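Trainee: Enclosed is the structure file my_file30.cif (mmCIF, C-alpha atoms).
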```
data_run
#
loop_
_atom_site.label_atom_id
_atom_site.label_comp_id
_atom_site.auth_asym_id
_atom_site.auth_seq_id
_atom_site.Cartn_x
_atom_site.Cartn_y
_atom_site.Cartn_z
CA MET A 1 8.66 -10.03 4.21
CA THR A 2 7.98 -6.98 6.36
CA LEU A 3 4.56 -5.38 6.56
CA SER A 4 5.73 -2.27 4.71
CA GLN A 5 7.20 -4.41 1.91
CA ALA A 6 3.92 -6.32 1.64
CA ILE A 7 1.94 -3.06 1.45
CA ILE A 8 4.23 -1.78 -1.29
CA GLU A 9 3.96 -5.01 -3.28
CA ARG A 10 0.18 -5.06 -2.93
CA ILE A 11 -0.20 -1.47 -4.14
CA LEU A 12 2.14 -2.09 -7.07
CA GLN A 13 0.22 -5.25 -7.96
CA LEU A 14 -3.10 -3.39 -7.93
CA GLN A 15 -1.64 -0.53 -9.96
CA GLN A 16 -0.37 -2.97 -12.55
CA ASP A 17 -3.72 -4.77 -12.70
CA ARG A 18 -5.47 -1.45 -13.31
CA LYS A 19 -2.72 -0.07 -15.55
CA ILE A 20 -2.37 3.17 -13.59
CA THR A 21 0.74 5.13 -12.72
CA THR A 22 1.71 6.33 -9.28
CA ASN A 23 0.81 9.88 -10.28
CA LYS A 24 -2.62 8.73 -11.46
CA LEU A 25 -3.11 6.79 -8.22
CA ALA A 26 -2.30 9.92 -6.22
CA THR A 27 -4.86 11.89 -8.21
CA LEU A 28 -7.54 9.21 -7.86
CA SER A 29 -6.79 8.91 -4.14
CA GLY A 30 -6.90 12.64 -3.48
CA LEU A 31 -3.41 12.44 -1.99
CA ALA A 32 -0.30 14.44 -2.76
CA GLN A 33 2.04 12.63 -5.14
CA PRO A 34 4.91 12.74 -2.61
CA THR A 35 2.69 11.00 -0.04
CA VAL A 36 2.00 8.07 -2.37
CA ARG A 37 5.63 7.94 -3.50
CA ASP A 38 6.83 7.89 0.13
CA VAL A 39 4.67 4.81 0.74
CA LEU A 40 5.84 3.08 -2.45
CA TYR A 41 9.53 3.91 -1.97
CA GLY A 42 9.51 2.73 1.64
CA VAL A 43 10.19 6.20 3.08
CA SER A 44 7.01 5.82 5.09
CA LYS A 45 7.65 2.55 6.94
CA SER A 46 4.27 2.58 8.67
CA PRO A 47 1.75 4.42 6.53
CA LYS A 48 -1.31 5.61 8.39
CA ILE A 49 -4.43 3.57 7.89
CA ASN A 50 -6.12 6.75 6.68
CA THR A 51 -3.53 7.01 3.88
CA LEU A 52 -4.17 3.39 2.93
CA LEU A 53 -7.91 4.08 2.98
CA HIS A 54 -7.46 6.89 0.45
CA ILE A 55 -5.23 4.70 -1.71
CA CYS A 56 -7.89 1.99 -1.61
CA GLU A 57 -10.53 4.52 -2.62
CA GLY A 58 -8.32 5.49 -5.56
CA LEU A 59 -8.06 1.82 -6.51
CA ASN A 60 -11.82 1.44 -6.10
CA ILE A 61 -11.53 -1.22 -3.40
CA ASN A 62 -12.05 -1.29 0.36
CA LEU A 63 -9.50 -2.04 3.06
CA ARG A 64 -10.75 -5.61 3.45
CA GLU A 65 -10.11 -6.27 -0.25
CA PHE A 66 -6.68 -4.66 0.04
CA PHE A 67 -5.55 -6.88 2.92
CA ASP A 68 -7.33 -10.01 1.66
CA ASP A 69 -4.29 -11.26 -0.21
CA PRO A 70 -1.82 -14.07 0.55
CA ILE A 71 1.03 -11.55 0.58
CA PHE A 72 -0.05 -10.62 4.11
CA ASP A 73 -0.06 -14.19 5.44
CA ASN A 74 3.51 -14.22 6.75
CA VAL A 75 4.54 -10.63 7.34
CA VAL A 76 7.03 -9.76 10.04
CA ASP A 77 7.40 -6.73 12.28
CA GLU A 78 9.72 -4.04 10.92
CA GLU A 79 11.57 -3.52 14.19
CA ASN A 80 12.14 -6.98 15.58
CA ASP A 81 11.53 -9.30 12.61
CA GLU A 82 8.92 -11.32 14.51
CA ASP A 83 5.90 -12.79 12.78
CA ILE A 84 2.81 -10.67 13.20
#
```
Would you give me this structure, written as structure tokens?

Mentor:
Amino acid sequence: MTLSQAIIERILQLQQDRKITTNKLATLSGLAQPTVRDVLYGVSKSPKINTLLHICEGLNINLREFFDDPIFDNVVDEENDEDI
């Protein structure tokens, strides 16, 4: 799984756990809805860490909690498919 796919899956998992929509997440994060959608639809292949920070704030977690998930154990680089 690529890093961007893992980020998408993690955000979707957290949204589902909290029962919030993408639009609600954007509002809670203080981000424009298209920004959050671009991350979730894979348009933004490498979202800025600042964007992820805002998303985490909207989910009421910190970055450590976001990345502390087994989904990130075996991610590969987008460009050359090598393990990170």

Trainee: Point out the residue among A:Thr35, A:Pro70, A:Tyr41, A:Ser29 with the least atom-to-atom distance to A:His54, counting all atoms listed in the file.

Mentor: A:Ser29

Trainee: How many Å separate atom CA of A:Val76 from atom CA of A:Leu59?

Mentor: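 Separating atom CA of A:Val76 from atom CA of A:Leu59 is a distance of 25.2 Å.
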
Trainee: As a check of understanding, name the residues that the PyMOL selection byres ((chain A and resi 46) around 10) selects in the supplied structure, as a PDB file with C-alpha atoms, in the frame of the given file.

Mentor:
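File part_12.pdb, as written:
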```
ATOM      1  CA  LEU A   3       4.560  -5.380   6.560  1.00  0.00           C
ATOM      2  CA  SER A   4       5.730  -2.270   4.710  1.00  0.00           C
ATOM      3  CA  ILE A   7       1.940  -3.060   1.450  1.00  0.00           C
ATOM      4  CA  VAL A  39       4.670   4.810   0.740  1.00  0.00           C
ATOM      5  CA  GLY A  42       9.510   2.730   1.640  1.00  0.00           C
ATOM      6  CA  VAL A  43      10.190   6.200   3.080  1.00  0.00           C
ATOM      7  CA  SER A  44       7.010   5.820   5.090  1.00  0.00           C
ATOM      8  CA  LYS A  45       7.650   2.550   6.940  1.00  0.00           C
ATOM      9  CA  PRO A  47       1.750   4.420   6.530  1.00  0.00           C
ATOM     10  CA  LYS A  48      -1.310   5.610   8.390  1.00  0.00           C
ATOM     11  CA  ILE A  49      -4.430   3.570   7.890  1.00  0.00           C
ATOM     12  CA  GLU A  78       9.720  -4.040  10.920  1.00  0.00           C
TER      13      GLU A  78
END
```

Trainee: For the PyMOL selection byres ((chain A and resi 26) around 12), applied here, can you spell out every residue it catches as a ChimeraX atom specification?

Mentor: /A:11,15,20-25,27-40,51-52,54-59

Trainee: Can you measure atom CA of A:Met1 to atom CA of A:Val75 for me? One decimal in Å is fine.

Mentor: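 Separating atom CA of A:Met1 from atom CA of A:Val75 is a distance of 5.2 Å.
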
Trainee: Could you list the residues chosen by the PyMOL selection byres ((chain A and resi 66) around 9) in this structure as a PyMOL selection string?

Mentor: chain A and resi 7+10-11+14+52+56+61-65+67-69

Trainee: Once 6 Å is added on each side, what centre and edge lengths in Å to one decimal does the axis-aligned box around all listed atoms of stretch 43-54 of chain A have, as JSON?

Mentor:
```
{"center_x": 1.1, "center_y": 4.8, "center_z": 4.6, "size_x": 30.1, "size_y": 16.5, "size_z": 20.2}
```

Trainee: Missing atoms in stretch 53-64 of chain A: can you complete it with N, CA and C atoms, as an mmCIF file, in the coordinates of the input?

Mentor:
```
data_model
loop_
_atom_site.group_PDB
_atom_site.id
_atom_site.type_symbol
_atom_site.label_atom_id
_atom_site.label_comp_id
_atom_site.auth_asym_id
_atom_site.auth_seq_id
_atom_site.Cartn_x
_atom_site.Cartn_y
_atom_site.Cartn_z
ATOM 1 N N LEU A 53 -6.493 3.964 3.338
ATOM 2 C CA LEU A 53 -7.910 4.080 2.980
ATOM 3 C C LEU A 53 -8.072 4.912 1.715
ATOM 4 N N HIS A 54 -7.376 6.037 1.645
ATOM 5 C CA HIS A 54 -7.460 6.890 0.450
ATOM 6 C C HIS A 54 -6.894 6.180 -0.775
ATOM 7 N N ILE A 55 -5.806 5.461 -0.594
ATOM 8 C CA ILE A 55 -5.230 4.700 -1.710
ATOM 9 C C ILE A 55 -6.234 3.657 -2.185
ATOM 10 N N CYS A 56 -6.868 2.978 -1.248
ATOM 11 C CA CYS A 56 -7.890 1.990 -1.610
ATOM 12 C C CYS A 56 -9.040 2.638 -2.369
ATOM 13 N N GLU A 57 -9.462 3.808 -1.922
ATOM 14 C CA GLU A 57 -10.530 4.520 -2.620
ATOM 15 C C GLU A 57 -10.105 4.834 -4.057
ATOM 16 N N GLY A 58 -8.837 5.227 -4.229
ATOM 17 C CA GLY A 58 -8.320 5.490 -5.560
ATOM 18 C C GLY A 58 -8.273 4.246 -6.432
ATOM 19 N N LEU A 59 -8.087 3.104 -5.803
ATOM 20 C CA LEU A 59 -8.060 1.820 -6.510
ATOM 21 C C LEU A 59 -9.445 1.204 -6.642
ATOM 22 N N ASN A 60 -10.426 1.884 -6.062
ATOM 23 C CA ASN A 60 -11.820 1.440 -6.100
ATOM 24 C C ASN A 60 -12.034 0.094 -5.401
ATOM 25 N N ILE A 61 -11.359 -0.050 -4.250
ATOM 26 C CA ILE A 61 -11.530 -1.220 -3.400
ATOM 27 C C ILE A 61 -11.652 -0.745 -1.957
ATOM 28 N N ASN A 62 -12.026 -1.653 -1.056
ATOM 29 C CA ASN A 62 -12.050 -1.290 0.360
ATOM 30 C C ASN A 62 -10.847 -1.909 1.062
ATOM 31 N N LEU A 63 -10.663 -1.545 2.310
ATOM 32 C CA LEU A 63 -9.500 -2.040 3.060
ATOM 33 C C LEU A 63 -9.504 -3.561 3.183
ATOM 34 N N ARG A 64 -10.674 -4.150 3.342
ATOM 35 C CA ARG A 64 -10.750 -5.610 3.450
ATOM 36 C C ARG A 64 -10.206 -6.255 2.179
#
```
